[in-house]
Structures are given as C-alpha cells and as structure tokens.
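K.L.:
Pasting a structure here, questions to come.
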Amino acid sequence: MIGAGARARCAWAACAAAACSFLVFAPSFTHGWVALDDPMFLLGPTGWRGLAPSNLVWDFKSHIGGVYQPFSWLTYGVDYALWGLDARGYHVQSAVWHALSAGLFFFLARRVLGAAVPRRETEADWTLDASALTAALVFGLHPLRVESVSWASERRDVVCGALFIASVLAYLRAREPGRAPLGLRAPLLLFLSALLAKGMAVTLPAVLLILDVWPLRRLGRRAVGGREVFGEKLPFFAFAAFFALVGTAVQHRLRWTWEQHGLAGRFAQSAYSFAFYAARTLWPAGLLPMYELRPPLNPFEPRFLAAAVVAVVAAWACVRVRRERPWAAAALAAYGVMLAPVCGLFQFGPQIVADRYSYLACLPLALVAGAVARWALPRRPVAAGAAAAAVLLALATATVDQQACWSDSKALWTRVLAGDPDSGLARAGLGRVAVGEGRLEEAERSFRRALAAFPGCAEDQDRLAAVLSGAAATPEQERRLRASVETRPLCRSARASLGAVLAQRGDLAGAERVLKIVTAVAPDHEGARMNLARVEKLLRQGRQPR
C-alpha cells in the first residue's frame, strides 16, 4: 500500500503524462481529411453517423476494409453527434484517447518497475514515480505514435491501446495479495472491449503469461500453481481465438496469397519488422506514412539479412541472460508477441511496415526506457534528469514535425515520395489530388509516372486518367488492367476500373462478376456501386451499354 502523499504524487504524474501526450498533438487539431482510407471509412459510409439503435447495429455488423471495430465505430458516432463531419473534432478525440493511454501507462509502468526492481533503502521515494513517468512520456511523445493519433481513420489504435493497457493494469491489480479470486472479471471485460476496438489486442493473454513469468514470478522453475495460472487465462484465450477467427473471416479477400508473397519473403519481412520498430524507437528518423511493399521480396537484400542477424542475435542474447537479466527476456518476448499479428507472416495491405503497428508492440521498449531511468536516477539524479528531459524534448519536437505530413492529402503523398521516390502509390495519390482539383493533365502525368515507377496497382490509375480525358475503352486497357489485378489482387481500384472497362466493351456478365467482388470487399466504393447498379439494370433489360 502507498500513502496519501505518494498517491497524490502518482495522480499528478499520470496527469502530466496525459497532458503532455495530448498537447504535443495540438497541431493535428486543425487538420482535415486525407485520401488514405478516410474516404473509405468515414466520408463514404453513413451507417456509423450517430448514436441511434440503427447506428449501433451497423457498428457491429460492418467490416469495411476488412476491419471489425464496433467499439471504434461507436467513438466515431460520438464525434458525428458533436460536430458532424468537421475533421478537427475527430483529431481531438483521437488525442484524448492517446492521452488516456499515456496516463494509464504511467500506472502500469510503475507497477511493473516496482515489482521488477525492489526499492533499495537508500533510494528516494520519488525515483520510481519519475522512472514510470519517463516510460509513459517516451511512449506518449514518440513520433511513431503520430500515424495512430493524427490519422482519423486509425482511431482504432488509440482506443484499443487505452483499453489494452487498462486490462493489463487491472490484471496486475487483481494479482496483488489479498485480492478476491473473481478479480479477473474487470481485466476480462476490458480485454473484450479492446478486441471490439481492434483485433490487434488478441496478443494480450500471451502478454499476461509473460508477466506471470516476470516480474510476477507466478510461473517458472521455482513457482508453483502453474495449472491455476493457465486455467485463469482460458477465457482470455477463448476471446482471442474467437476474434482471430473473426478477423480472418472479414479479411479473407484482402490477404496476400503465398504465390504473391512467399514464405521466404514473409520471414524476411518479419525479421525486418522486428528490427525496424526497435531501431526507429531508438532513432526515429525517416518516418513515412507509407512504406510500400513491392513483391517479390529478395530475402538476400542487405537490409533483410542485417535484420535477420539482429533478430537472431537479440533472441540468443536474451536466452543466455534470461536468469541474470530476466527483464531483457521478458521485454523481448512481449515485443515479439505483440508484433506477431502485423510482422508480415499474415500480410494484409500494401505496406511492408507501418508506424501504427508500433502502438502496442513498443510498450515494452518504453518500459525498458523507464528501467534505465530507474537505474540512473539514484546514482546521478541531475545528469540523468537532464538527459531524460533532452530526449523527451527531442521526441516531442520530432512528433510535432511528423504531424505536418498528415495535414492534407498532398502533404501526405509528397512526404512519402520524398522518402521513397519509387513509390507508385505516392505518385497515384498525387494524381488523385490533382483530379480532385480539376488539374487533369497533371493528374495523367502523375499516373503515368506512377506506372513507370511501379507497374502494379498504379496501372489502373493510368487507365483511369485515360477515361477522365475522354478516351474510349480499348482491348489494351482491358489487358493491362487484368495484368494489374493479377499483380496486385488486393487493389480495389484496379478491379473497379476493370469492371468499368468490361462494361464499356460490352462484357456485362464479366463486369458484374468483377464489380461484385469490389463491392463485397469495399461496400463504400461509390464508383463500383454505381457501375454495378447500372450493369445489373442493363442485364435485366437485356441491353448493352452505350
């Protein structure tokens, strides 16, 4: 138990972590929507807009974009009730959830660090609080958090993160001596809420087992009651398994096949992911809104070989020191477990890595930062405090700078192109921006440069530019669009454009099949919906398109 003075100090520290994590994202409060999933998730569908019973039913039935997130949809409904489609309010609520995550993480870090390293007699009372605050601020102020907070469509990260942290915190509290056996009801309910916000929370039961090994020491060679420890986790694993199946079901059309992205490439991507997020946590330079995946990957590229060496050496070192330094093994295990769903073994989407995937996975790394502070502060308080302040200021400055690329679509794709000049997605994105502004000649140039840079999903954008300029559908367009779909079967725009070309060329049955696939995966795709309705009407009438 802690005294009243310590409780007050903890409350102030948690509020400081939350306030700093909120204020550092103030630049995002003036941002608008961006043409990266915002149209698909928020500007197209209308079912989530409100808090009526029909909206709640829609929230639980929808899986737009292969994402099941009813609790996150509910938070969007609150936004719509408050400020309609004004994007600024959506960014504010995302920052509020992130601030809540940082405040809760302070308490989580304090419990873990306190259990891991017993307080020495000569240690000042404030060092544990300062160490936990350091961990919370490293998490809350880090520029890797920008994508999750400043991108309105990625609200699910911050909602899931807050509930995930709350569930782990409730579990640690329930494991304190003297707690009732039924104390796991609160962490289980919070876990279910986190799963309803984003399926990424499925890793929580494994994380709890890691905590049982260290620092709780409920599992291990000297621990007893392993059957009880595993038995109490069964409901957690049951929920995790169910939502893993749900996620697999709603994303089955979006998964990369083994032919497109083979086993060697996936292992190379996994090792790269493992090294990437750890390296960017230590040195967050060159962060981009999109790191494009260009299959087939060559696992013998230097970056993949270096990442594999880093992963193997890190795992080997932690196994060797697991008894002398169990914190290292626990931190590495938790990092790897939380990264597993998005490391590339089960590939969805066009990215090889993504900053948002670090939101949960890098929590153990922030705890390591807090542990370093716990070691250094008692020894050299002034120097350690100055170093921590300098690091946190640098992180906050980088976070403010990183938000600029999320201000609008042009800024987003320009930043991607600056970091990856060969990105076909960035070229196509800038082309779409030009189309929206009525600059069709510039748009067609962007689409053609996208095609030259990467003849994958960008091909359909080139054909779209031709359609916009009034060109008629040709056999060559159909051939190239079919090649684009075969190369990038996850590209909804390519399939939608192929359906439109097939309809123009008189193949109504083929157009119907293609457009039905698009509308099943992306029911908010307005162009595909309109074309499908027109094709079905013509088929019923037995007519051909004009």
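In the structure tokens, each chain is lettered A, B, ... as it comes, each chain's residues begin at 1, and ligands are numbered from 1 in order of appearance.
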Distance table requested - region 223-286 of chain A against region 506-530 of chain A, cut-off 10 Å, only C-alpha atoms: one row per qualifying residue with the closest atom pair and its distance in Å to one decimal, ordered by chain and rising residue number, as CSV.
P.N.:
residue,atom,partner,partner_atom,distance
A:Val250,CA,A:Val521,CA,8.6
A:Gln251,CA,A:Val521,CA,8.5
A:His252,CA,A:Val521,CA,9.4
A:Arg253,CA,A:Val521,CA,6.9
A:Leu254,CA,A:Val521,CA,7.9
K.L.:
Could the residues in this selection be written to a file with N, CA and C atoms, as a PDB file, in the first residue's frame?
P.N.:
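In the end it all went to again34.pdb:
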ATOM      1  N   VAL A 250     -13.184 -11.671 -42.019  1.00  0.00           N
ATOM      2  CA  VAL A 250     -13.505 -10.398 -42.678  1.00  0.00           C
ATOM      3  C   VAL A 250     -12.378  -9.917 -43.581  1.00  0.00           C
ATOM      4  N   GLN A 251     -11.177 -10.497 -43.416  1.00  0.00           N
ATOM      5  CA  GLN A 251     -10.049 -10.073 -44.238  1.00  0.00           C
ATOM      6  C   GLN A 251      -9.649 -11.099 -45.287  1.00  0.00           C
ATOM      7  N   HIS A 252     -10.487 -12.134 -45.455  1.00  0.00           N
ATOM      8  CA  HIS A 252     -10.049 -13.232 -46.323  1.00  0.00           C
ATOM      9  C   HIS A 252      -9.838 -12.769 -47.756  1.00  0.00           C
ATOM     10  N   ARG A 253     -10.559 -11.746 -48.202  1.00  0.00           N
ATOM     11  CA  ARG A 253     -10.391 -11.264 -49.570  1.00  0.00           C
ATOM     12  C   ARG A 253      -9.183 -10.339 -49.722  1.00  0.00           C
ATOM     13  N   LEU A 254      -8.623  -9.896 -48.603  1.00  0.00           N
ATOM     14  CA  LEU A 254      -7.533  -8.935 -48.654  1.00  0.00           C
ATOM     15  C   LEU A 254      -6.168  -9.555 -48.406  1.00  0.00           C
TER      16      LEU A 254
END
K.L.:
Would you list, as a ChimeraX atom specification, the residues of region 280-409 of chain A that end up in alpha helix (DSSP H) under DSSP run on this structure's backbone?
P.N.:
/A:280-282,302-320,326-339,358-361,363-376,381-403,409
K.L.:
What are the DSSP strand (DSSP E) residues of region 232-387 of chain A, as a list of chain:residue names?
P.N.:
A:Tyr291, A:Glu292, A:Gln351, A:Ile352, A:Val353
K.L.:
Those same residues, written as a short mmCIF file (atom, residue, chain, number, x, y, z; two decimals), in the first residue's frame with C-alpha atoms?
P.N.:
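And here is the file that came out, out.cif:
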data_model
loop_
_atom_site.label_atom_id
_atom_site.label_comp_id
_atom_site.auth_asym_id
_atom_site.auth_seq_id
_atom_site.Cartn_x
_atom_site.Cartn_y
_atom_site.Cartn_z
CA TYR A 291 6.41 2.08 -46.65
CA GLU A 292 5.42 0.38 -49.86
CA GLN A 351 2.84 -1.81 -46.67
CA ILE A 352 5.95 -3.71 -45.62
CA VAL A 353 5.90 -1.95 -42.22
#
K.L.:
Using only C-alpha atoms, can you tell me which of A:Tyr357, A:Phe191, A:Phe106, A:Tyr80 comes closest to Leu128 (chain A)?
P.N.:
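Looking only at the distances to Leu128 (chain A), the closest residue turns out to be A:Phe106.
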K.L.:
Would you pick out the contacts of Thr134 (chain A) at 12 Å or less, using only C-alpha atoms, so that residues sharing its chain but fewer than 5 positions from it are not included, and give the list as an mmCIF file with C-alpha atoms, in the first residue's frame?
P.N.:
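Result file out24.cif:
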data_model
loop_
_atom_site.group_PDB
_atom_site.id
_atom_site.type_symbol
_atom_site.label_atom_id
_atom_site.label_comp_id
_atom_site.auth_asym_id
_atom_site.auth_seq_id
_atom_site.Cartn_x
_atom_site.Cartn_y
_atom_site.Cartn_z
ATOM 1 C CA ALA A 13 2.471 12.325 -12.637
ATOM 2 C CA ALA A 14 -0.210 10.455 -14.578
ATOM 3 C CA ALA A 16 1.321 15.201 -16.540
ATOM 4 C CA ALA A 17 1.923 12.247 -18.870
ATOM 5 C CA CYS A 20 1.897 16.315 -22.420
ATOM 6 C CA ALA A 102 -0.253 7.572 -21.657
ATOM 7 C CA GLY A 103 -1.823 8.281 -18.253
ATOM 8 C CA PHE A 105 0.639 3.517 -18.915
ATOM 9 C CA PHE A 106 2.232 5.536 -16.130
ATOM 10 C CA PHE A 107 0.407 3.387 -13.558
ATOM 11 C CA ALA A 109 4.924 1.150 -15.700
ATOM 12 C CA ARG A 110 5.001 1.989 -12.010
ATOM 13 C CA LEU A 113 9.040 -1.423 -12.477
ATOM 14 C CA THR A 127 12.563 7.746 -8.232
ATOM 15 C CA LEU A 128 10.010 5.057 -9.036
ATOM 16 C CA ASP A 129 7.435 7.701 -9.992
ATOM 17 C CA PHE A 139 5.519 6.185 -25.201
ATOM 18 C CA GLY A 140 3.250 9.233 -25.397
ATOM 19 C CA LEU A 141 5.612 11.717 -27.077
ATOM 20 C CA HIS A 142 7.320 9.404 -29.556
ATOM 21 C CA LEU A 365 10.571 -0.779 -25.150
ATOM 22 C CA ALA A 366 9.158 2.216 -23.302
ATOM 23 C CA LEU A 367 9.290 0.151 -20.117
ATOM 24 C CA VAL A 368 12.973 -0.524 -20.787
ATOM 25 C CA ALA A 369 13.493 3.237 -21.022
ATOM 26 C CA GLY A 370 11.812 3.566 -17.638
ATOM 27 C CA ALA A 371 14.069 0.838 -16.241
ATOM 28 C CA VAL A 372 17.145 2.727 -17.452
ATOM 29 C CA ALA A 373 15.858 5.820 -15.677
ATOM 30 C CA ARG A 374 15.235 3.751 -12.531
ATOM 31 C CA ALA A 376 20.362 6.056 -13.379
ATOM 32 C CA LEU A 377 18.322 8.464 -11.262
ATOM 33 C CA ALA A 384 20.030 11.555 -15.546
ATOM 34 C CA GLY A 385 17.177 14.050 -15.237
ATOM 35 C CA ALA A 386 18.790 16.424 -17.741
ATOM 36 C CA ALA A 387 19.409 13.592 -20.203
ATOM 37 C CA ALA A 388 15.815 12.359 -19.897
ATOM 38 C CA ALA A 389 14.467 15.890 -20.409
ATOM 39 C CA ALA A 390 16.621 16.358 -23.511
ATOM 40 C CA VAL A 391 15.488 13.054 -25.004
ATOM 41 C CA LEU A 392 11.821 13.787 -24.316
ATOM 42 C CA LEU A 393 12.110 17.277 -25.800
#
K.L.:
Near region 318-329 of chain A, within 9 Å and counting only C-alpha atoms, which residues show up once chain neighbours fewer than 6 positions away are dropped, as number ranges by chain?
P.N.:
A: 116, 214-215, 368
K.L.:
As an exercise, work out the distance from CA of Phe60 (chain A) to CA of Ser193 (chain A) in Å and give it to one decimal place.
P.N.:
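Going from CA of Phe60 (chain A) over to CA of Ser193 (chain A), I get 12.6 Å.
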K.L.:
Measuring between only C-alpha atoms, which one of A:Asp86, A:Asp420, A:Glu228, A:Glu176 shows the shortest distance to Leu216 (chain A)?
P.N.:
A:Glu176
K.L.:
List the neighbours of Cys405 (chain A) out to 9 Å using only C-alpha atoms; skip same-chain residues closer than 5 positions along the sequence, and give me the result as a ChimeraX atom specification.
P.N.:
/A:288-289,410-416
K.L.:
State, in Å with one decimal place, the distance from CA of Leu192 (chain A) to CA of Val149 (chain A).
P.N.:
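Value for the CA of Leu192 (chain A)-CA of Val149 (chain A) distance: 22.0 Å.
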K.L.:
Hey, can you check how far CA of Asp355 (chain A) sits from CA of Ala99 (chain A)?
P.N.:
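Separation of CA of Asp355 (chain A) and CA of Ala99 (chain A): 18.0 Å.
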K.L.:
Neighbouring residues of Cys160 (chain A) were defined as those with any atom within 9 Å, considering only C-alpha atoms; residues of the same chain fewer than 4 positions away were excluded. Please report them as a list in words.
P.N.:
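Surrounding residues, per the criterion: Phe71, Ser72, Arg155, Arg156, Phe164, Ile165, Ser193, Ala194, Leu195, Leu196, Ala197, Lys198, Gly199, Met200, Ala201 and Leu360 of chain A.
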K.L.:
Would you put the residues from that selection into a file with C-alpha atoms, as a PDB file, in the first residue's frame?
P.N.:
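As a result, result04.pdb now contains:
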ATOM      1  CA  PHE A  71     -16.334  -0.020 -30.384  1.00  0.00           C
ATOM      2  CA  SER A  72     -14.204   2.292 -32.507  1.00  0.00           C
ATOM      3  CA  ARG A 155      -8.710   5.760 -34.312  1.00  0.00           C
ATOM      4  CA  ARG A 156      -8.890   2.052 -33.510  1.00  0.00           C
ATOM      5  CA  PHE A 164      -5.393  -2.921 -23.651  1.00  0.00           C
ATOM      6  CA  ILE A 165      -3.279  -1.031 -21.116  1.00  0.00           C
ATOM      7  CA  SER A 193     -13.669  -4.031 -25.160  1.00  0.00           C
ATOM      8  CA  ALA A 194     -10.148  -3.765 -26.603  1.00  0.00           C
ATOM      9  CA  LEU A 195     -10.911  -6.579 -29.054  1.00  0.00           C
ATOM     10  CA  LEU A 196     -14.071  -4.766 -30.138  1.00  0.00           C
ATOM     11  CA  ALA A 197     -11.933  -1.708 -30.842  1.00  0.00           C
ATOM     12  CA  LYS A 198      -9.251  -3.563 -32.828  1.00  0.00           C
ATOM     13  CA  GLY A 199      -8.337  -7.197 -33.212  1.00  0.00           C
ATOM     14  CA  MET A 200      -4.672  -6.402 -32.530  1.00  0.00           C
ATOM     15  CA  ALA A 201      -5.488  -6.948 -28.835  1.00  0.00           C
ATOM     16  CA  LEU A 360       1.176  -1.677 -28.709  1.00  0.00           C
TER      17      LEU A 360
END
K.L.:
Quick one: residues within 9 Å of Ala81 (chain A), only C-alpha atoms counted, chain neighbours fewer than 5 positions away excluded, as a PDB file with C-alpha atoms, in the first residue's frame?
P.N.:
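Final output, saved to around_39.pdb:
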ATOM      1  CA  ARG A  49     -23.107   8.572 -38.246  1.00  0.00           C
ATOM      2  CA  GLY A  50     -24.979   8.892 -34.983  1.00  0.00           C
ATOM      3  CA  LEU A  51     -25.865   7.064 -31.786  1.00  0.00           C
ATOM      4  CA  TYR A  76     -16.921   7.997 -34.382  1.00  0.00           C
TER       5      TYR A  76
END
K.L.:
May I ask which of the residues A:Phe276, A:Glu232, A:Gly226, A:Ala314 is the closest one to Leu184 (chain A), counting only C-alpha atoms?
P.N.:
A:Glu232
K.L.:
Between A:Thr46, A:Val67, A:Phe237, A:Pro187, which has the minimum distance to Thr203 (chain A) (counting only C-alpha atoms)?
P.N.:
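Of A:Thr46, A:Val67, A:Phe237, A:Pro187, the one nearest Thr203 (chain A), counting only C-alpha atoms, is A:Phe237.
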K.L.:
Tell me, counting only C-alpha atoms, for each residue of region 75-177 of chain A within 10 Å of region 282-287 of chain A, which pair of atoms is nearest and how far apart they are in Å to one decimal, in rows ordered by chain and increasing number, as JSON lines.
P.N.:
{"residue": "A:His142", "atom": "CA", "partner": "A:Pro284", "partner_atom": "CA", "distance": 8.1}
{"residue": "A:Pro143", "atom": "CA", "partner": "A:Pro284", "partner_atom": "CA", "distance": 6.9}
{"residue": "A:Leu144", "atom": "CA", "partner": "A:Pro284", "partner_atom": "CA", "distance": 7.2}
{"residue": "A:Val146", "atom": "CA", "partner": "A:Leu287", "partner_atom": "CA", "distance": 9.7}
{"residue": "A:Glu147", "atom": "CA", "partner": "A:Leu287", "partner_atom": "CA", "distance": 9.7}
